[in-house]
file structure.pdb (PDB, C-alpha atoms)
MODEL        1
ATOM      1  CA  ASP A 122       0.000   0.000   0.000  1.00  0.00           C
ATOM      2  CA  LEU A 123       1.817   3.067  -1.235  1.00  0.00           C
ATOM      3  CA  ALA A 124      -1.046   5.529  -0.818  1.00  0.00           C
ATOM      4  CA  GLY A 125      -0.796   8.069   1.962  1.00  0.00           C
ATOM      5  CA  SER A 126       2.945   8.656   2.132  1.00  0.00           C
ATOM      6  CA  GLU A 127       2.939  10.387  -1.258  1.00  0.00           C
ATOM      7  CA  ASN A 128       0.657  13.227  -0.100  1.00  0.00           C
ATOM      8  CA  ALA A 129       2.824  16.188   0.921  1.00  0.00           C
ATOM      9  CA  LYS A 130       0.022  17.896   2.865  1.00  0.00           C
ATOM     10  CA  ALA A 131      -0.841  14.780   4.869  1.00  0.00           C
ATOM     11  CA  ALA A 132       2.759  13.645   5.409  1.00  0.00           C
ATOM     12  CA  SER A 133       3.968  14.385   8.910  1.00  0.00           C
ATOM     13  CA  LEU A 134       7.154  16.385   8.651  1.00  0.00           C
ATOM     14  CA  ASP A 135       9.600  16.477  11.520  1.00  0.00           C
ATOM     15  CA  ASP A 136      10.293  20.178  10.993  1.00  0.00           C
ATOM     16  CA  ASP A 137       8.337  22.110  13.605  1.00  0.00           C
ATOM     17  CA  GLY A 138       9.183  25.477  12.095  1.00  0.00           C
ATOM     18  CA  ALA A 139      11.431  26.572  14.954  1.00  0.00           C
ATOM     19  CA  PRO A 140      14.713  28.179  13.881  1.00  0.00           C
ATOM     20  CA  SER A 141      17.700  25.959  14.465  1.00  0.00           C
ATOM     21  CA  LYS A 142      20.686  27.325  16.331  1.00  0.00           C
ATOM     22  CA  ASP A 143      23.159  25.071  14.606  1.00  0.00           C
ATOM     23  CA  ALA A 144      23.640  25.645  10.842  1.00  0.00           C
ATOM     24  CA  LYS A 145      24.841  22.064  10.343  1.00  0.00           C
ATOM     25  CA  LYS A 146      21.657  20.656  11.888  1.00  0.00           C
ATOM     26  CA  GLN A 147      19.565  22.998   9.754  1.00  0.00           C
ATOM     27  CA  ARG A 148      21.334  21.874   6.552  1.00  0.00           C
ATOM     28  CA  ASN A 149      20.881  18.235   7.552  1.00  0.00           C
ATOM     29  CA  SER A 150      17.186  18.862   8.192  1.00  0.00           C
ATOM     30  CA  GLN A 151      16.808  20.547   4.794  1.00  0.00           C
ATOM     31  CA  GLN A 152      18.549  17.623   3.076  1.00  0.00           C
ATOM     32  CA  GLN A 153      16.232  15.167   4.801  1.00  0.00           C
ATOM     33  CA  ALA A 154      13.186  17.222   3.769  1.00  0.00           C
ATOM     34  CA  ALA A 155      14.452  17.299   0.169  1.00  0.00           C
ATOM     35  CA  ALA A 156      14.996  13.542   0.233  1.00  0.00           C
ATOM     36  CA  ARG A 157      11.439  12.997   1.538  1.00  0.00           C
ATOM     37  CA  GLU A 158      10.088  15.274  -1.198  1.00  0.00           C
ATOM     38  CA  ARG A 159      11.997  13.330  -3.891  1.00  0.00           C
ATOM     39  CA  GLU A 160      10.631  10.088  -2.454  1.00  0.00           C
ATOM     40  CA  ARG A 161       7.066  11.449  -2.572  1.00  0.00           C
ATOM     41  CA  MET A 162       7.583  12.551  -6.176  1.00  0.00           C
ATOM     42  CA  ASN A 163       8.899   9.120  -7.167  1.00  0.00           C
ATOM     43  CA  ILE A 164       5.973   7.383  -5.436  1.00  0.00           C
ATOM     44  CA  ASN A 165       3.501   9.681  -7.209  1.00  0.00           C
ATOM     45  CA  ARG A 166       5.178   9.035 -10.559  1.00  0.00           C
ATOM     46  CA  SER A 167       5.069   5.264  -9.999  1.00  0.00           C
ATOM     47  CA  LEU A 168       1.428   5.350  -8.896  1.00  0.00           C
ATOM     48  CA  LEU A 169       0.474   7.445 -11.913  1.00  0.00           C
ATOM     49  CA  THR A 170       2.202   4.983 -14.240  1.00  0.00           C
ATOM     50  CA  LEU A 171       0.586   2.052 -12.419  1.00  0.00           C
ATOM     51  CA  GLY A 172      -2.819   3.684 -12.913  1.00  0.00           C
ATOM     52  CA  ARG A 173      -2.141   4.127 -16.643  1.00  0.00           C
ATOM     53  CA  VAL A 174      -1.005   0.494 -16.957  1.00  0.00           C
ATOM     54  CA  VAL A 175      -4.110  -0.784 -15.164  1.00  0.00           C
ATOM     55  CA  LYS A 176      -6.370   1.410 -17.324  1.00  0.00           C
ATOM     56  CA  LEU A 177      -4.752   0.202 -20.558  1.00  0.00           C
ATOM     57  CA  LEU A 178      -4.795  -3.453 -19.449  1.00  0.00           C
ATOM     58  CA  LYS A 179      -8.488  -3.213 -18.595  1.00  0.00           C
ATOM     59  CA  GLU A 180      -9.168  -1.599 -21.967  1.00  0.00           C
ATOM     60  CA  GLN A 181      -7.137  -4.336 -23.665  1.00  0.00           C
ATOM     61  CA  SER A 182      -9.107  -7.030 -21.794  1.00  0.00           C
ATOM     62  CA  THR A 183     -12.511  -5.580 -22.682  1.00  0.00           C
ATOM     63  CA  THR A 184     -11.781  -4.781 -26.348  1.00  0.00           C
ATOM     64  CA  ASN A 185      -9.527  -7.812 -27.045  1.00  0.00           C
ATOM     65  CA  LYS A 186      -6.913  -5.568 -28.701  1.00  0.00           C
ATOM     66  CA  THR A 187      -3.499  -7.197 -28.574  1.00  0.00           C
ATOM     67  CA  ASN A 188      -1.413  -4.495 -30.274  1.00  0.00           C
ATOM     68  CA  MET A 189      -1.741  -1.857 -27.528  1.00  0.00           C
ATOM     69  CA  ARG A 190       1.457  -0.461 -26.005  1.00  0.00           C
ATOM     70  CA  ILE A 191       1.436  -0.903 -22.238  1.00  0.00           C
ATOM     71  CA  PRO A 192       3.951   1.483 -20.544  1.00  0.00           C
ATOM     72  CA  TYR A 193       5.558  -1.048 -18.172  1.00  0.00           C
ATOM     73  CA  ARG A 194       9.017   0.493 -18.587  1.00  0.00           C
ATOM     74  CA  ASP A 195       7.947   3.973 -17.517  1.00  0.00           C
ATOM     75  CA  SER A 196       8.540   3.197 -13.813  1.00  0.00           C
ATOM     76  CA  LYS A 197      10.362   0.660 -11.671  1.00  0.00           C
ATOM     77  CA  LEU A 198       7.138  -0.377  -9.937  1.00  0.00           C
ATOM     78  CA  THR A 199       5.350  -1.345 -13.153  1.00  0.00           C
ATOM     79  CA  ARG A 200       8.482  -3.042 -14.463  1.00  0.00           C
ATOM     80  CA  ILE A 201       8.591  -5.207 -11.333  1.00  0.00           C
ATOM     81  CA  LEU A 202       4.843  -5.949 -11.525  1.00  0.00           C
ATOM     82  CA  GLN A 203       4.773  -6.594 -15.281  1.00  0.00           C
ATOM     83  CA  ASN A 204       4.272 -10.376 -15.000  1.00  0.00           C
ATOM     84  CA  ALA A 205       1.698 -10.002 -12.228  1.00  0.00           C
ATOM     85  CA  LEU A 206      -0.358  -7.325 -13.987  1.00  0.00           C
ATOM     86  CA  GLY A 207      -0.618  -8.484 -17.560  1.00  0.00           C
ATOM     87  CA  GLY A 208       1.733 -11.387 -17.828  1.00  0.00           C
ATOM     88  CA  ASN A 209       1.823 -15.097 -17.338  1.00  0.00           C
ATOM     89  CA  SER A 210       0.539 -15.391 -13.774  1.00  0.00           C
ATOM     90  CA  LYS A 211      -2.541 -15.395 -11.605  1.00  0.00           C
ATOM     91  CA  THR A 212      -2.842 -12.225  -9.569  1.00  0.00           C
ATOM     92  CA  VAL A 213      -4.689 -11.232  -6.403  1.00  0.00           C
ATOM     93  CA  ILE A 214      -5.004  -7.594  -5.412  1.00  0.00           C
ATOM     94  CA  PHE A 215      -5.902  -6.580  -1.855  1.00  0.00           C
ATOM     95  CA  ALA A 216      -7.450  -3.149  -1.391  1.00  0.00           C
ATOM     96  CA  THR A 217      -6.696  -1.847   2.098  1.00  0.00           C
ATOM     97  CA  LEU A 218      -9.072   0.825   3.358  1.00  0.00           C
ATOM     98  CA  SER A 219      -9.036   3.017   6.426  1.00  0.00           C
ATOM     99  CA  PRO A 220     -12.183   3.347   8.569  1.00  0.00           C
ATOM    100  CA  SER A 221     -11.169   6.925   9.413  1.00  0.00           C
ATOM    101  CA  VAL A 222     -13.265   9.766   8.033  1.00  0.00           C
ATOM    102  CA  THR A 223     -10.086  11.729   7.356  1.00  0.00           C
ATOM    103  CA  ALA A 224      -8.932   9.058   4.899  1.00  0.00           C
ATOM    104  CA  LEU A 225     -12.207   8.957   2.951  1.00  0.00           C
ATOM    105  CA  GLU A 226     -10.700  10.417  -0.233  1.00  0.00           C
ATOM    106  CA  GLU A 227      -7.841   7.879  -0.221  1.00  0.00           C
ATOM    107  CA  SER A 228     -10.279   5.020   0.454  1.00  0.00           C
ATOM    108  CA  ILE A 229     -12.469   6.038  -2.487  1.00  0.00           C
ATOM    109  CA  SER A 230      -9.390   6.330  -4.702  1.00  0.00           C
ATOM    110  CA  THR A 231      -8.266   2.855  -3.583  1.00  0.00           C
ATOM    111  CA  LEU A 232     -11.705   1.389  -4.346  1.00  0.00           C
ATOM    112  CA  ASN A 233     -11.726   3.003  -7.816  1.00  0.00           C
ATOM    113  CA  TYR A 234      -8.284   1.551  -8.513  1.00  0.00           C
ATOM    114  CA  ALA A 235      -9.357  -1.900  -7.283  1.00  0.00           C
ATOM    115  CA  GLN A 236     -12.458  -1.773  -9.474  1.00  0.00           C
ATOM    116  CA  ALA A 237     -10.337  -0.872 -12.501  1.00  0.00           C
ATOM    117  CA  ALA A 238      -7.843  -3.636 -11.688  1.00  0.00           C
ATOM    118  CA  HIS A 239     -10.707  -6.118 -11.317  1.00  0.00           C
ATOM    119  CA  GLY A 240     -11.402  -5.805 -15.046  1.00  0.00           C
ATOM    120  CA  ILE A 241      -7.958  -7.082 -16.068  1.00  0.00           C
ATOM    121  CA  ILE A 242      -8.058 -10.613 -17.454  1.00  0.00           C
ATOM    122  CA  ASN A 243      -4.782 -12.538 -17.428  1.00  0.00           C
ATOM    123  CA  LYS A 244      -4.350 -15.709 -19.427  1.00  0.00           C
ATOM    124  CA  PRO A 245      -1.601 -17.639 -17.635  1.00  0.00           C
ATOM    125  CA  LYS A 246       0.059 -20.499 -19.472  1.00  0.00           C
ATOM    126  CA  SER A 247       2.101 -23.284 -17.951  1.00  0.00           C
ATOM    127  CA  ALA A 248       5.809 -23.295 -18.710  1.00  0.00           C
ATOM    128  CA  ALA A 249       6.037 -27.115 -18.648  1.00  0.00           C
ATOM    129  CA  TYR A 250       3.324 -29.557 -19.636  1.00  0.00           C
ATOM    130  CA  LEU A 251       2.886 -33.146 -18.487  1.00  0.00           C
ATOM    131  CA  THR A 252       2.733 -35.513 -21.429  1.00  0.00           C
ATOM    132  CA  GLU A 253       2.313 -39.242 -21.656  1.00  0.00           C
ATOM    133  CA  SER A 254       5.089 -40.933 -23.600  1.00  0.00           C
ATOM    134  CA  SER A 255       4.998 -44.098 -25.705  1.00  0.00           C
ATOM    135  CA  PRO A 256       5.233 -47.483 -23.882  1.00  0.00           C
ATOM    136  CA  THR A 257       8.935 -47.858 -24.767  1.00  0.00           C
ATOM    137  CA  LYS A 258       9.856 -44.685 -22.913  1.00  0.00           C
ATOM    138  CA  ALA A 259       9.264 -43.659 -19.306  1.00  0.00           C
ATOM    139  CA  PRO A 260       5.537 -43.397 -18.579  1.00  0.00           C
ATOM    140  CA  ILE A 261       5.621 -39.677 -17.707  1.00  0.00           C
ATOM    141  CA  ALA A 262       8.035 -36.986 -18.820  1.00  0.00           C
ATOM    142  CA  LEU A 263       8.083 -33.255 -18.394  1.00  0.00           C
ATOM    143  CA  SER A 264       8.344 -31.495 -21.739  1.00  0.00           C
ATOM    144  CA  GLY A 265      10.284 -28.293 -21.396  1.00  0.00           C
ATOM    145  CA  SER A 266      12.647 -29.791 -18.805  1.00  0.00           C
ATOM    146  CA  GLY A 267      15.185 -30.854 -21.396  1.00  0.00           C
ATOM    147  CA  GLY A 268      14.275 -34.569 -21.396  1.00  0.00           C
ATOM    148  CA  ASP A 269      17.877 -35.572 -20.670  1.00  0.00           C
ATOM    149  CA  ASP A 270      17.083 -37.692 -17.628  1.00  0.00           C
ATOM    150  CA  GLN A 271      13.603 -39.211 -17.713  1.00  0.00           C
ATOM    151  CA  SER A 272      14.103 -41.270 -14.561  1.00  0.00           C
ATOM    152  CA  ARG A 273      14.733 -38.020 -12.699  1.00  0.00           C
ATOM    153  CA  SER A 274      11.455 -36.664 -14.116  1.00  0.00           C
ATOM    154  CA  LEU A 275       9.583 -39.740 -12.906  1.00  0.00           C
ATOM    155  CA  GLU A 276      11.238 -39.402  -9.495  1.00  0.00           C
ATOM    156  CA  HIS A 277      10.218 -35.744  -9.390  1.00  0.00           C
ATOM    157  CA  TRP A 278       6.649 -36.693 -10.318  1.00  0.00           C
ATOM    158  CA  ASN A 279       6.482 -39.250  -7.510  1.00  0.00           C
ATOM    159  CA  GLU A 280       7.887 -36.730  -5.045  1.00  0.00           C
ATOM    160  CA  MET A 281       5.246 -34.210  -6.087  1.00  0.00           C
ATOM    161  CA  GLU A 282       2.487 -36.804  -5.565  1.00  0.00           C
ATOM    162  CA  ILE A 283       3.793 -37.491  -2.046  1.00  0.00           C
ATOM    163  CA  ARG A 284       3.882 -33.768  -1.308  1.00  0.00           C
ATOM    164  CA  LEU A 285       0.331 -33.428  -2.585  1.00  0.00           C
ATOM    165  CA  GLU A 286      -0.893 -36.183  -0.260  1.00  0.00           C
ATOM    166  CA  TYR A 287       0.952 -34.593   2.667  1.00  0.00           C
ATOM    167  CA  LEU A 288      -0.599 -31.198   1.934  1.00  0.00           C
ATOM    168  CA  LYS A 289      -4.052 -32.760   1.659  1.00  0.00           C
ATOM    169  CA  GLY A 290      -3.531 -34.231   5.126  1.00  0.00           C
ATOM    170  CA  GLN A 291      -2.445 -30.822   6.421  1.00  0.00           C
ATOM    171  CA  VAL A 292      -5.590 -29.239   4.966  1.00  0.00           C
ATOM    172  CA  GLU A 293      -7.795 -31.836   6.664  1.00  0.00           C
ATOM    173  CA  GLU A 294      -6.037 -31.238   9.996  1.00  0.00           C
ATOM    174  CA  ALA A 295      -6.481 -27.478   9.597  1.00  0.00           C
ATOM    175  CA  LYS A 296     -10.179 -27.941   8.811  1.00  0.00           C
ATOM    176  CA  ALA A 297     -10.633 -30.065  11.923  1.00  0.00           C
ATOM    177  CA  ALA A 298      -8.791 -27.516  14.085  1.00  0.00           C
ATOM    178  CA  LEU A 299     -10.893 -24.723  12.622  1.00  0.00           C
ATOM    179  CA  ALA A 300     -14.088 -26.662  13.363  1.00  0.00           C
ATOM    180  CA  ARG A 301     -12.929 -27.185  16.966  1.00  0.00           C
ATOM    181  CA  LYS A 302     -12.177 -23.475  17.338  1.00  0.00           C
ATOM    182  CA  HIS A 303     -15.581 -22.627  15.894  1.00  0.00           C
ATOM    183  CA  MET A 304     -17.292 -24.939  18.388  1.00  0.00           C
ATOM    184  CA  GLN A 305     -15.320 -23.415  21.282  1.00  0.00           C
ATOM    185  CA  GLN A 306     -16.206 -19.907  20.116  1.00  0.00           C
ATOM    186  CA  GLN A 307     -19.865 -20.873  19.804  1.00  0.00           C
ATOM    187  CA  GLU A 308     -19.834 -22.277  23.359  1.00  0.00           C
ATOM    188  CA  ILE A 309     -18.356 -19.018  24.664  1.00  0.00           C
ATOM    189  CA  ILE A 310     -21.009 -17.012  22.825  1.00  0.00           C
ATOM    190  CA  ASP A 311     -23.768 -19.257  24.167  1.00  0.00           C
ATOM    191  CA  ARG A 312     -22.433 -18.873  27.725  1.00  0.00           C
ATOM    192  CA  ALA A 313     -22.235 -15.104  27.348  1.00  0.00           C
ATOM    193  CA  GLU A 314     -25.798 -14.932  26.033  1.00  0.00           C
ATOM    194  CA  ALA A 315     -27.016 -17.169  28.906  1.00  0.00           C
ATOM    195  CA  ALA A 316     -25.214 -14.956  31.436  1.00  0.00           C
ATOM    196  CA  GLU A 317     -26.802 -11.802  29.973  1.00  0.00           C
ATOM    197  CA  ALA A 318     -30.301 -13.320  30.112  1.00  0.00           C
TER
ENDMDL
END
call {"tool": "encode", "arguments": {"input": "structure.pdb", "output": "structure tokens"}}
result
Amino acid sequence: DLAGSENAKAASLDDDGAPSKDAKKQRNSQQQAAARERERMNINRSLLTLGRVVKLLKEQSTTNKTNMRIPYRDSKLTRILQNALGGNSKTVIFATLSPSVTALEESISTLNYAQAAHGIINKPKSAAYLTESSPTKAPIALSGSGGDDQSRSLEHWNEMEIRLEYLKGQVEEAKAALARKHMQQQEIIDRAEAAEA
């Protein structure tokens, strides 16, 4: 969440306006203020570029135009997020809002951004596909992994199946623990309601 620190009016500055007795401290304070201002400018520039990228990606998703230029390289933030925004991945965006009335404008801006980002449709593709080989070769090979050692691929496949079973067991244990916690919470609520009555 970058919003909030880029607003110069809302940013809390350490300078209280009192004249400094020491010129060296005053220069240091001015340098720090200049550095904070540069940081705010860079954040604003990155957020503006991110907003343009999201707008163009949404437009590209709704109109199915593939020849649009998306300005990923205009800021470091969009360059880092290029694969997540319009690339080969599944993306989740969390919009964090403040319940404070003073942050209403930022919350509305965040919701507008989240709504625009919601319209982006990514089409992720797997980098390696599982294929079934002929009976003379190993039963399963990973295409895209080079194919130089098929026994290693089969070993990897078996290891992944074992991991999957382990994770399924972990999920079942977590579900059971969650159900127990829910029952305990319900008992506490029932006791509290009985005590109030």
call {"tool": "atom_distance", "arguments": {"input": "structure.pdb", "atom1": "atom CA of Asn163 of chain A", "atom2": "atom CA of Thr199 of chain A"}}
result
12.6 Å
call {"tool": "atom_distance", "arguments": {"input": "structure.pdb", "atom1": "atom CA of Thr212 of chain A", "atom2": "atom CA of Leu178 of chain A"}}
result
13.4 Å
call {"tool": "closest_residue", "arguments": {"input": "structure.pdb", "among": "A:Ala300, A:Ile242, A:Ala154, A:Leu288", "to": "Thr183 of chain A", "atoms": "all atoms listed in the file"}}
result
A:Ile242
call {"tool": "closest_atom_pairs", "arguments": {"input": "structure.pdb", "of": "segment 182-254 of chain A", "to": "segment 166-174 of chain A", "cutoff": "10 Å", "atoms": "all atoms listed in the file", "output": "CSV"}}
result
residue,atom,partner,partner_atom,distance
A:Arg190,CA,A:Val174,CA,9.4
A:Ile191,CA,A:Val174,CA,6.0
A:Pro192,CA,A:Val174,CA,6.2
A:Tyr193,CA,A:Val174,CA,6.9
A:Arg194,CA,A:Thr170,CA,9.2
A:Asp195,CA,A:Thr170,CA,6.7
A:Ser196,CA,A:Ser167,CA,5.6
A:Lys197,CA,A:Ser167,CA,7.2
A:Leu198,CA,A:Ser167,CA,6.0
A:Thr199,CA,A:Leu171,CA,5.9
A:Arg200,CA,A:Leu171,CA,9.6
A:Leu202,CA,A:Leu171,CA,9.1
A:Gln203,CA,A:Val174,CA,9.3
A:Leu206,CA,A:Val174,CA,8.4
A:Gly207,CA,A:Val174,CA,9.0
A:Tyr234,CA,A:Gly172,CA,7.3
A:Ala237,CA,A:Gly172,CA,8.8
A:Ala238,CA,A:Gly172,CA,9.0
call {"tool": "write_last_selection", "arguments": {"input": "structure.pdb", "atoms": "C-alpha atoms", "output": "PDB file, in the coordinates of the input"}}
result
ATOM      1  CA  ARG A 190       1.457  -0.461 -26.005  1.00  0.00           C
ATOM      2  CA  ILE A 191       1.436  -0.903 -22.238  1.00  0.00           C
ATOM      3  CA  PRO A 192       3.951   1.483 -20.544  1.00  0.00           C
ATOM      4  CA  TYR A 193       5.558  -1.048 -18.172  1.00  0.00           C
ATOM      5  CA  ARG A 194       9.017   0.493 -18.587  1.00  0.00           C
ATOM      6  CA  ASP A 195       7.947   3.973 -17.517  1.00  0.00           C
ATOM      7  CA  SER A 196       8.540   3.197 -13.813  1.00  0.00           C
ATOM      8  CA  LYS A 197      10.362   0.660 -11.671  1.00  0.00           C
ATOM      9  CA  LEU A 198       7.138  -0.377  -9.937  1.00  0.00           C
ATOM     10  CA  THR A 199       5.350  -1.345 -13.153  1.00  0.00           C
ATOM     11  CA  ARG A 200       8.482  -3.042 -14.463  1.00  0.00           C
ATOM     12  CA  LEU A 202       4.843  -5.949 -11.525  1.00  0.00           C
ATOM     13  CA  GLN A 203       4.773  -6.594 -15.281  1.00  0.00           C
ATOM     14  CA  LEU A 206      -0.358  -7.325 -13.987  1.00  0.00           C
ATOM     15  CA  GLY A 207      -0.618  -8.484 -17.560  1.00  0.00           C
ATOM     16  CA  TYR A 234      -8.284   1.551  -8.513  1.00  0.00           C
ATOM     17  CA  ALA A 237     -10.337  -0.872 -12.501  1.00  0.00           C
ATOM     18  CA  ALA A 238      -7.843  -3.636 -11.688  1.00  0.00           C
TER      19      ALA A 238
END
call {"tool": "residues_near_point", "arguments": {"input": "structure.pdb", "point": "(-6.0, -3.2, -7.4)", "cutoff": "7 Å", "atoms": "only C-alpha atoms", "output": "list of chain:residue names"}}
result
A:Ile214, A:Phe215, A:Ala216, A:Tyr234, A:Ala235, A:Gln236, A:Ala238, A:His239
call {"tool": "axis_aligned_box", "arguments": {"input": "structure.pdb", "around": "segment 205-210 of chain A", "padding_each_side": "5 Å", "output": "lines of an AutoDock Vina configuration file"}}
result
center_x = 0.6
center_y = -11.4
center_z = -15.0
size_x = 12.4
size_y = 18.1
size_z = 15.6
call {"tool": "atom_distance", "arguments": {"input": "structure.pdb", "atom1": "atom CA of Gln181 of chain A", "atom2": "atom CA of Asn209 of chain A"}}
result
15.4 Å
call {"tool": "residues_around", "arguments": {"input": "structure.pdb", "residues": "Glu180 of chain A", "least_positions_apart": "6", "cutoff": "9 Å", "atoms": "all atoms listed in the file", "output": "short mmCIF file (atom, residue, chain, number, x, y, z; two decimals) with C-alpha atoms, in the coordinates of the input"}}
result
data_model
loop_
_atom_site.label_atom_id
_atom_site.label_comp_id
_atom_site.auth_asym_id
_atom_site.auth_seq_id
_atom_site.Cartn_x
_atom_site.Cartn_y
_atom_site.Cartn_z
CA LYS A 186 -6.91 -5.57 -28.70
CA GLY A 240 -11.40 -5.80 -15.05
CA ILE A 241 -7.96 -7.08 -16.07
#
call {"tool": "decode", "arguments": {"input": "structure.pdb", "residues": "segment 198-213 of chain A", "atoms": "N, CA and C atoms", "output": "short mmCIF file (atom, residue, chain, number, x, y, z; two decimals), in the first residue's frame"}}
result
data_model
loop_
_atom_site.label_atom_id
_atom_site.label_comp_id
_atom_site.auth_asym_id
_atom_site.auth_seq_id
_atom_site.Cartn_x
_atom_site.Cartn_y
_atom_site.Cartn_z
N LEU A 198 8.24 0.39 -10.53
CA LEU A 198 7.14 -0.38 -9.94
C LEU A 198 6.41 -1.21 -10.99
N THR A 199 6.06 -0.61 -12.12
CA THR A 199 5.35 -1.34 -13.15
C THR A 199 6.25 -2.36 -13.84
N ARG A 200 7.55 -2.07 -13.89
CA ARG A 200 8.48 -3.04 -14.46
C ARG A 200 8.55 -4.29 -13.58
N ILE A 201 8.55 -4.08 -12.26
CA ILE A 201 8.59 -5.21 -11.33
C ILE A 201 7.29 -6.00 -11.40
N LEU A 202 6.16 -5.30 -11.54
CA LEU A 202 4.84 -5.95 -11.52
C LEU A 202 4.36 -6.39 -12.90
N GLN A 203 5.20 -6.30 -13.91
CA GLN A 203 4.77 -6.59 -15.28
C GLN A 203 4.16 -7.99 -15.42
N ASN A 204 4.83 -9.02 -14.89
CA ASN A 204 4.27 -10.38 -15.00
C ASN A 204 3.00 -10.53 -14.20
N ALA A 205 2.89 -9.87 -13.06
CA ALA A 205 1.70 -10.00 -12.23
C ALA A 205 0.51 -9.27 -12.84
N LEU A 206 0.75 -8.12 -13.48
CA LEU A 206 -0.36 -7.33 -13.99
C LEU A 206 -0.92 -7.86 -15.30
N GLY A 207 -0.09 -8.07 -16.27
CA GLY A 207 -0.62 -8.48 -17.56
C GLY A 207 0.14 -9.64 -18.15
N GLY A 208 0.85 -10.35 -17.32
CA GLY A 208 1.73 -11.39 -17.83
C GLY A 208 1.20 -12.78 -17.65
N ASN A 209 2.10 -13.67 -17.37
CA ASN A 209 1.82 -15.10 -17.34
C ASN A 209 1.68 -15.57 -15.88
N SER A 210 0.73 -14.99 -15.17
CA SER A 210 0.54 -15.39 -13.77
C SER A 210 -0.88 -15.08 -13.33
N LYS A 211 -1.27 -15.72 -12.24
CA LYS A 211 -2.54 -15.40 -11.60
C LYS A 211 -2.25 -14.34 -10.55
N THR A 212 -3.11 -13.36 -10.44
CA THR A 212 -2.84 -12.23 -9.57
C THR A 212 -4.01 -11.97 -8.63
N VAL A 213 -3.69 -11.64 -7.39
CA VAL A 213 -4.69 -11.23 -6.40
C VAL A 213 -4.30 -9.85 -5.92
#
